[in-house]
>>> print(open('final-v4.cif').read())   # mmCIF, C-alpha atoms, pLDDT in the B column; chains and numbers go by the auth columns
data_my_file
#
loop_
_atom_site.group_PDB
_atom_site.id
_atom_site.type_symbol
_atom_site.label_atom_id
_atom_site.label_comp_id
_atom_site.label_asym_id
_atom_site.label_seq_id
_atom_site.Cartn_x
_atom_site.Cartn_y
_atom_site.Cartn_z
_atom_site.B_iso_or_equiv
_atom_site.auth_seq_id
_atom_site.auth_asym_id
ATOM 1 C CA MET A 1 -12.810 -12.212 18.018 66.00 1 A
ATOM 2 C CA GLU A 2 -15.637 -14.730 18.392 74.00 2 A
ATOM 3 C CA THR A 3 -18.215 -11.928 18.169 84.00 3 A
ATOM 4 C CA PHE A 4 -16.524 -10.735 14.974 81.00 4 A
ATOM 5 C CA SER A 5 -16.553 -14.171 13.378 86.00 5 A
ATOM 6 C CA GLN A 6 -20.152 -14.883 14.425 89.00 6 A
ATOM 7 C CA ALA A 7 -21.359 -11.569 12.992 88.00 7 A
ATOM 8 C CA LEU A 8 -19.464 -12.142 9.765 87.00 8 A
ATOM 9 C CA LEU A 9 -20.591 -15.747 9.328 90.00 9 A
ATOM 10 C CA GLU A 10 -24.247 -14.745 9.804 92.00 10 A
ATOM 11 C CA HIS A 11 -24.010 -13.143 6.354 92.00 11 A
ATOM 12 C CA ASP A 12 -22.654 -16.374 4.803 92.00 12 A
ATOM 13 C CA PRO A 13 -20.255 -14.597 2.387 93.00 13 A
ATOM 14 C CA ASP A 14 -18.420 -16.338 -0.454 92.00 14 A
ATOM 15 C CA VAL A 15 -15.447 -13.993 -0.160 92.00 15 A
ATOM 16 C CA ILE A 16 -13.976 -12.226 2.876 90.00 16 A
ATOM 17 C CA CYS A 17 -11.473 -9.387 2.485 88.00 17 A
ATOM 18 C CA LEU A 18 -9.878 -8.099 5.673 84.00 18 A
ATOM 19 C CA GLN A 19 -7.717 -5.007 5.957 80.00 19 A
ATOM 20 C CA GLU A 20 -5.565 -4.053 8.944 78.00 20 A
ATOM 21 C CA ALA A 21 -6.212 -7.472 10.470 79.00 21 A
ATOM 22 C CA ILE A 22 -4.275 -8.714 13.454 74.00 22 A
ATOM 23 C CA HIS A 23 -1.769 -11.068 11.915 65.00 23 A
ATOM 24 C CA ASP A 24 -1.510 -14.374 13.719 63.00 24 A
ATOM 25 C CA GLY A 25 -1.167 -16.330 10.496 65.00 25 A
ATOM 26 C CA GLU A 26 -3.624 -17.631 7.943 68.00 26 A
ATOM 27 C CA SER A 27 -4.484 -20.669 10.079 74.00 27 A
ATOM 28 C CA PHE A 28 -5.756 -18.345 12.828 78.00 28 A
ATOM 29 C CA TYR A 29 -8.414 -16.948 10.477 81.00 29 A
ATOM 30 C CA GLU A 30 -9.174 -20.336 8.940 81.00 30 A
ATOM 31 C CA THR A 31 -9.878 -21.606 12.486 85.00 31 A
ATOM 32 C CA LEU A 32 -11.853 -18.490 13.416 85.00 32 A
ATOM 33 C CA LEU A 33 -13.824 -18.679 10.165 88.00 33 A
ATOM 34 C CA PRO A 34 -14.450 -22.398 9.562 91.00 34 A
ATOM 35 C CA GLY A 35 -15.222 -23.310 5.978 92.00 35 A
ATOM 36 C CA TYR A 36 -12.922 -20.617 4.538 91.00 36 A
ATOM 37 C CA ILE A 37 -9.447 -20.875 3.030 90.00 37 A
ATOM 38 C CA CYS A 38 -6.942 -18.016 2.963 87.00 38 A
ATOM 39 C CA LEU A 39 -5.927 -17.452 -0.667 86.00 39 A
ATOM 40 C CA GLY A 40 -3.318 -14.913 0.287 82.00 40 A
ATOM 41 C CA LYS A 41 -2.099 -12.183 2.541 81.00 41 A
ATOM 42 C CA ALA A 42 -0.147 -9.020 2.004 78.00 42 A
ATOM 43 C CA SER A 43 1.500 -6.434 4.125 73.00 43 A
ATOM 44 C CA ALA A 44 0.497 -2.809 3.969 69.00 44 A
ATOM 45 C CA HIS A 45 1.755 0.458 5.414 67.00 45 A
ATOM 46 C CA VAL A 46 0.409 -0.461 8.844 68.00 46 A
ATOM 47 C CA GLU A 47 1.648 -3.190 11.163 68.00 47 A
ATOM 48 C CA TYR A 48 -1.319 -5.426 10.425 67.00 48 A
ATOM 49 C CA ALA A 49 -1.954 -7.697 7.463 70.00 49 A
ATOM 50 C CA MET A 50 -4.498 -7.775 4.701 74.00 50 A
ATOM 51 C CA LEU A 51 -6.082 -11.191 4.091 80.00 51 A
ATOM 52 C CA PHE A 52 -8.218 -12.649 1.325 85.00 52 A
ATOM 53 C CA LEU A 53 -10.357 -15.657 2.279 88.00 53 A
ATOM 54 C CA VAL A 54 -12.835 -17.611 0.166 91.00 54 A
ATOM 55 C CA ARG A 55 -15.415 -20.264 0.889 92.00 55 A
ATOM 56 C CA GLU A 56 -13.728 -23.663 0.906 93.00 56 A
ATOM 57 C CA SER A 57 -15.904 -24.920 -1.961 91.00 57 A
ATOM 58 C CA LEU A 58 -14.686 -22.022 -4.148 91.00 58 A
ATOM 59 C CA ALA A 59 -11.018 -22.357 -3.227 90.00 59 A
ATOM 60 C CA ALA A 60 -10.569 -25.421 -5.442 87.00 60 A
ATOM 61 C CA ARG A 61 -11.686 -23.369 -8.466 85.00 61 A
ATOM 62 C CA ALA A 62 -9.745 -20.243 -7.507 90.00 62 A
ATOM 63 C CA ASN A 63 -6.746 -19.170 -9.514 89.00 63 A
ATOM 64 C CA PRO A 64 -4.522 -16.813 -7.462 86.00 64 A
ATOM 65 C CA ILE A 65 -2.924 -14.167 -9.668 84.00 65 A
ATOM 66 C CA LYS A 66 0.760 -13.497 -9.107 78.00 66 A
ATOM 67 C CA LEU A 67 1.552 -9.813 -8.898 74.00 67 A
ATOM 68 C CA ALA A 68 4.871 -8.063 -8.367 66.00 68 A
ATOM 69 C CA ASP A 69 6.347 -9.013 -4.999 56.00 69 A
ATOM 70 C CA SER A 70 7.284 -5.478 -4.056 49.00 70 A
ATOM 71 C CA TRP A 71 5.539 -2.471 -5.516 49.00 71 A
ATOM 72 C CA ASP A 72 6.562 0.397 -3.360 52.00 72 A
ATOM 73 C CA PRO A 73 9.776 1.793 -1.918 49.00 73 A
ATOM 74 C CA TYR A 74 8.920 0.309 1.482 49.00 74 A
ATOM 75 C CA GLY A 75 8.497 -3.247 0.188 50.00 75 A
ATOM 76 C CA TYR A 76 4.751 -3.542 0.774 53.00 76 A
ATOM 77 C CA LYS A 77 2.708 -5.727 -1.548 64.00 77 A
ATOM 78 C CA HIS A 78 -0.701 -4.056 -0.962 73.00 78 A
ATOM 79 C CA VAL A 79 -2.862 -6.460 -3.043 81.00 79 A
ATOM 80 C CA VAL A 80 -4.039 -10.057 -3.185 84.00 80 A
ATOM 81 C CA LEU A 81 -5.834 -10.960 -6.404 87.00 81 A
ATOM 82 C CA ALA A 82 -7.516 -14.151 -7.671 91.00 82 A
ATOM 83 C CA CYS A 83 -9.809 -15.279 -10.434 92.00 83 A
ATOM 84 C CA LEU A 84 -12.838 -17.245 -9.245 92.00 84 A
ATOM 85 C CA GLN A 85 -15.589 -18.981 -11.178 88.00 85 A
ATOM 86 C CA PHE A 86 -19.221 -18.260 -10.275 85.00 86 A
ATOM 87 C CA ALA A 87 -21.893 -20.005 -12.353 84.00 87 A
ATOM 88 C CA GLY A 88 -19.660 -19.979 -15.432 84.00 88 A
ATOM 89 C CA ASP A 89 -18.587 -16.349 -15.050 88.00 89 A
ATOM 90 C CA SER A 90 -14.958 -15.487 -14.499 90.00 90 A
ATOM 91 C CA VAL A 91 -14.698 -12.929 -11.693 92.00 91 A
ATOM 92 C CA VAL A 92 -11.404 -11.350 -10.685 92.00 92 A
ATOM 93 C CA ILE A 93 -11.587 -10.411 -7.031 91.00 93 A
ATOM 94 C CA GLY A 94 -8.972 -8.479 -5.152 87.00 94 A
ATOM 95 C CA SER A 95 -8.366 -7.297 -1.659 86.00 95 A
ATOM 96 C CA CYS A 96 -6.179 -4.236 -1.381 85.00 96 A
ATOM 97 C CA HIS A 97 -4.761 -1.718 1.023 84.00 97 A
ATOM 98 C CA LEU A 98 -3.193 0.883 -1.229 85.00 98 A
ATOM 99 C CA ALA A 99 -0.506 3.443 -0.458 82.00 99 A
ATOM 100 C CA PRO A 100 -1.546 6.176 1.978 83.00 100 A
ATOM 101 C CA PHE A 101 -1.546 9.954 1.900 85.00 101 A
ATOM 102 C CA THR A 102 -1.874 12.419 -0.958 88.00 102 A
ATOM 103 C CA ALA A 103 1.688 11.664 -2.061 88.00 103 A
ATOM 104 C CA GLY A 104 0.686 8.031 -2.743 86.00 104 A
ATOM 105 C CA SER A 105 -1.643 9.011 -5.594 91.00 105 A
ATOM 106 C CA SER A 106 0.579 7.817 -8.465 91.00 106 A
ATOM 107 C CA GLU A 107 1.410 4.571 -6.616 86.00 107 A
ATOM 108 C CA ARG A 108 -2.309 3.859 -6.130 88.00 108 A
ATOM 109 C CA LEU A 109 -3.063 4.461 -9.794 91.00 109 A
ATOM 110 C CA ASN A 110 -0.124 2.293 -10.931 89.00 110 A
ATOM 111 C CA LYS A 111 -1.202 -0.559 -8.665 87.00 111 A
ATOM 112 C CA MET A 112 -4.729 -0.420 -10.014 88.00 112 A
ATOM 113 C CA LYS A 113 -3.388 -0.464 -13.581 91.00 113 A
ATOM 114 C CA GLU A 114 -1.301 -3.528 -12.750 87.00 114 A
ATOM 115 C CA MET A 115 -4.347 -5.274 -11.278 88.00 115 A
ATOM 116 C CA LEU A 116 -6.321 -4.499 -14.431 90.00 116 A
ATOM 117 C CA SER A 117 -3.509 -5.825 -16.625 90.00 117 A
ATOM 118 C CA HIS A 118 -4.228 -9.304 -15.227 87.00 118 A
ATOM 119 C CA CYS A 119 -7.886 -9.211 -16.306 89.00 119 A
ATOM 120 C CA HIS A 120 -9.375 -10.327 -19.606 88.00 120 A
ATOM 121 C CA PRO A 121 -11.970 -8.049 -21.231 86.00 121 A
ATOM 122 C CA GLU A 122 -14.767 -10.534 -20.443 87.00 122 A
ATOM 123 C CA ASP A 123 -13.815 -10.778 -16.741 89.00 123 A
ATOM 124 C CA LYS A 124 -15.939 -9.129 -14.130 89.00 124 A
ATOM 125 C CA LEU A 125 -13.878 -7.270 -11.516 89.00 125 A
ATOM 126 C CA LEU A 126 -14.443 -6.585 -7.831 89.00 126 A
ATOM 127 C CA ILE A 127 -11.766 -4.890 -5.754 88.00 127 A
ATOM 128 C CA ALA A 128 -12.440 -4.518 -2.033 86.00 128 A
ATOM 129 C CA GLY A 129 -10.328 -2.765 0.520 83.00 129 A
ATOM 130 C CA ASP A 130 -8.802 0.480 1.595 84.00 130 A
ATOM 131 C CA TYR A 131 -7.970 2.535 -1.477 83.00 131 A
ATOM 132 C CA ASN A 132 -6.725 5.516 0.580 85.00 132 A
ATOM 133 C CA MET A 133 -7.865 7.705 -2.321 85.00 133 A
ATOM 134 C CA ARG A 134 -8.679 11.364 -2.283 86.00 134 A
ATOM 135 C CA GLN A 135 -11.771 12.629 -4.105 83.00 135 A
ATOM 136 C CA ALA A 136 -9.561 14.367 -6.667 89.00 136 A
ATOM 137 C CA GLU A 137 -8.363 10.915 -7.823 90.00 137 A
ATOM 138 C CA ASP A 138 -11.828 9.595 -8.764 88.00 138 A
ATOM 139 C CA GLY A 139 -11.488 10.714 -12.388 91.00 139 A
ATOM 140 C CA ASP A 140 -8.178 8.879 -12.871 93.00 140 A
ATOM 141 C CA PHE A 141 -9.747 5.614 -11.719 90.00 141 A
ATOM 142 C CA GLU A 142 -12.908 6.204 -13.740 91.00 142 A
ATOM 143 C CA THR A 143 -10.875 6.653 -16.951 94.00 143 A
ATOM 144 C CA LEU A 144 -9.631 3.095 -16.366 92.00 144 A
ATOM 145 C CA GLY A 145 -13.249 1.925 -16.653 89.00 145 A
ATOM 146 C CA LEU A 146 -13.733 1.517 -12.911 89.00 146 A
ATOM 147 C CA SER A 147 -16.727 2.759 -11.006 85.00 147 A
ATOM 148 C CA GLU A 148 -17.215 3.443 -7.340 80.00 148 A
ATOM 149 C CA ALA A 149 -19.936 1.401 -5.654 79.00 149 A
ATOM 150 C CA TRP A 150 -21.131 4.405 -3.657 77.00 150 A
ATOM 151 C CA LYS A 151 -21.665 6.489 -6.802 81.00 151 A
ATOM 152 C CA GLU A 152 -23.374 3.599 -8.609 84.00 152 A
ATOM 153 C CA ALA A 153 -25.750 3.211 -5.634 84.00 153 A
ATOM 154 C CA GLY A 154 -26.898 6.828 -5.792 87.00 154 A
ATOM 155 C CA SER A 155 -24.296 8.775 -3.754 83.00 155 A
ATOM 156 C CA ASP A 156 -26.142 8.835 -0.415 85.00 156 A
ATOM 157 C CA LYS A 157 -23.799 10.958 1.750 82.00 157 A
ATOM 158 C CA GLU A 158 -24.800 8.974 4.864 82.00 158 A
ATOM 159 C CA LYS A 159 -23.436 5.796 3.248 73.00 159 A
ATOM 160 C CA LYS A 160 -20.179 7.088 1.808 67.00 160 A
ATOM 161 C CA PHE A 161 -17.796 4.275 2.736 60.00 161 A
ATOM 162 C CA THR A 162 -15.930 3.610 -0.506 51.00 162 A
ATOM 163 C CA PHE A 163 -13.066 5.186 -2.499 48.00 163 A
ATOM 164 C CA ASP A 164 -12.594 8.366 -0.508 47.00 164 A
ATOM 165 C CA SER A 165 -14.670 8.153 2.648 39.00 165 A
#
>>> encode(input="final-v4.cif", output="structure tokens")
Amino acid sequence: METFSQALLEHDPDVICLQEAIHDGESFYETLLPGYICLGKASAHVEYAMLFLVRESLAARANPIKLADSWDPYGYKHVVLACLQFAGDSVVIGSCHLAPFTAGSSERLNKMKEMLSHCHPEDKLLIAGDYNMRQAEDGDFETLGLSEAWKEAGSDKEKKFTFDS
């Protein structure tokens, strides 16, 4: 784990979103990643947790957004969402691990709609994580005004690690 934290900290990120992380509690990651505070965690359809950490200096200005406690029939939360302030801009940032498999399509779309319902029109939005989407779902997400980073960056097939990789 030290190699992981060293490699991550070399990039000096403001926000860290982890999916399928070994869950030894928030304090484990706060110790492993000094200078970061865990804003929240959620369970997903795998035995590991999803965590959302921010730089300690940003945590004081972060406003965690309360979402429904249980969104799916299995009781998984899937998303941690917060509004942060960067140089006067309000940015809603989320870490997600959405429902798996083709059958989870409507659940994924509903969860994204709920996340969007907590945003103001002037907010910028960044959602990181494992969408578990299929390519056929791209259009549904795009009609919500969302865009896929991979497509926006030119669709290089060797770097396809977003929505439906």
>>> closest_residue(input="final-v4.cif", among="A:His78, A:Ser95, A:Ala49, A:Ala149", to="Pro64 (chain A)", atoms="only C-alpha atoms")
A:Ser95
>>> closest_residue(input="final-v4.cif", among="A:Val92, A:Leu109, A:Leu67, A:Met133", to="Pro121 (chain A)", atoms="all atoms listed in the file")
A:Val92
>>> residues_near_point(input="final-v4.cif", point="(-16.7, -18.4, 12.8)", cutoff="7 Å", atoms="only C-alpha atoms", output="PyMOL selection string")
chain A and resi 2+5-6+9+32-34
>>> closest_residue(input="final-v4.cif", among="A:Ala59, A:Ala21, A:Leu116, A:Leu51", to="Tyr36 (chain A)", atoms="only C-alpha atoms")
A:Ala59
>>> atom_distance(input="final-v4.cif", atom1="CA of Val91 (chain A)", atom2="CA of Lys157 (chain A)")
28.9 Å
>>> residues_around(input="final-v4.cif", residues="Arg108 (chain A)", least_positions_apart="3", cutoff="6 Å", atoms="all atoms listed in the file", output="ChimeraX atom specification")
/A:98-99,105,111
>>> atom_distance(input="final-v4.cif", atom1="CA of Ala128 (chain A)", atom2="CA of Leu81 (chain A)")
10.2 Å
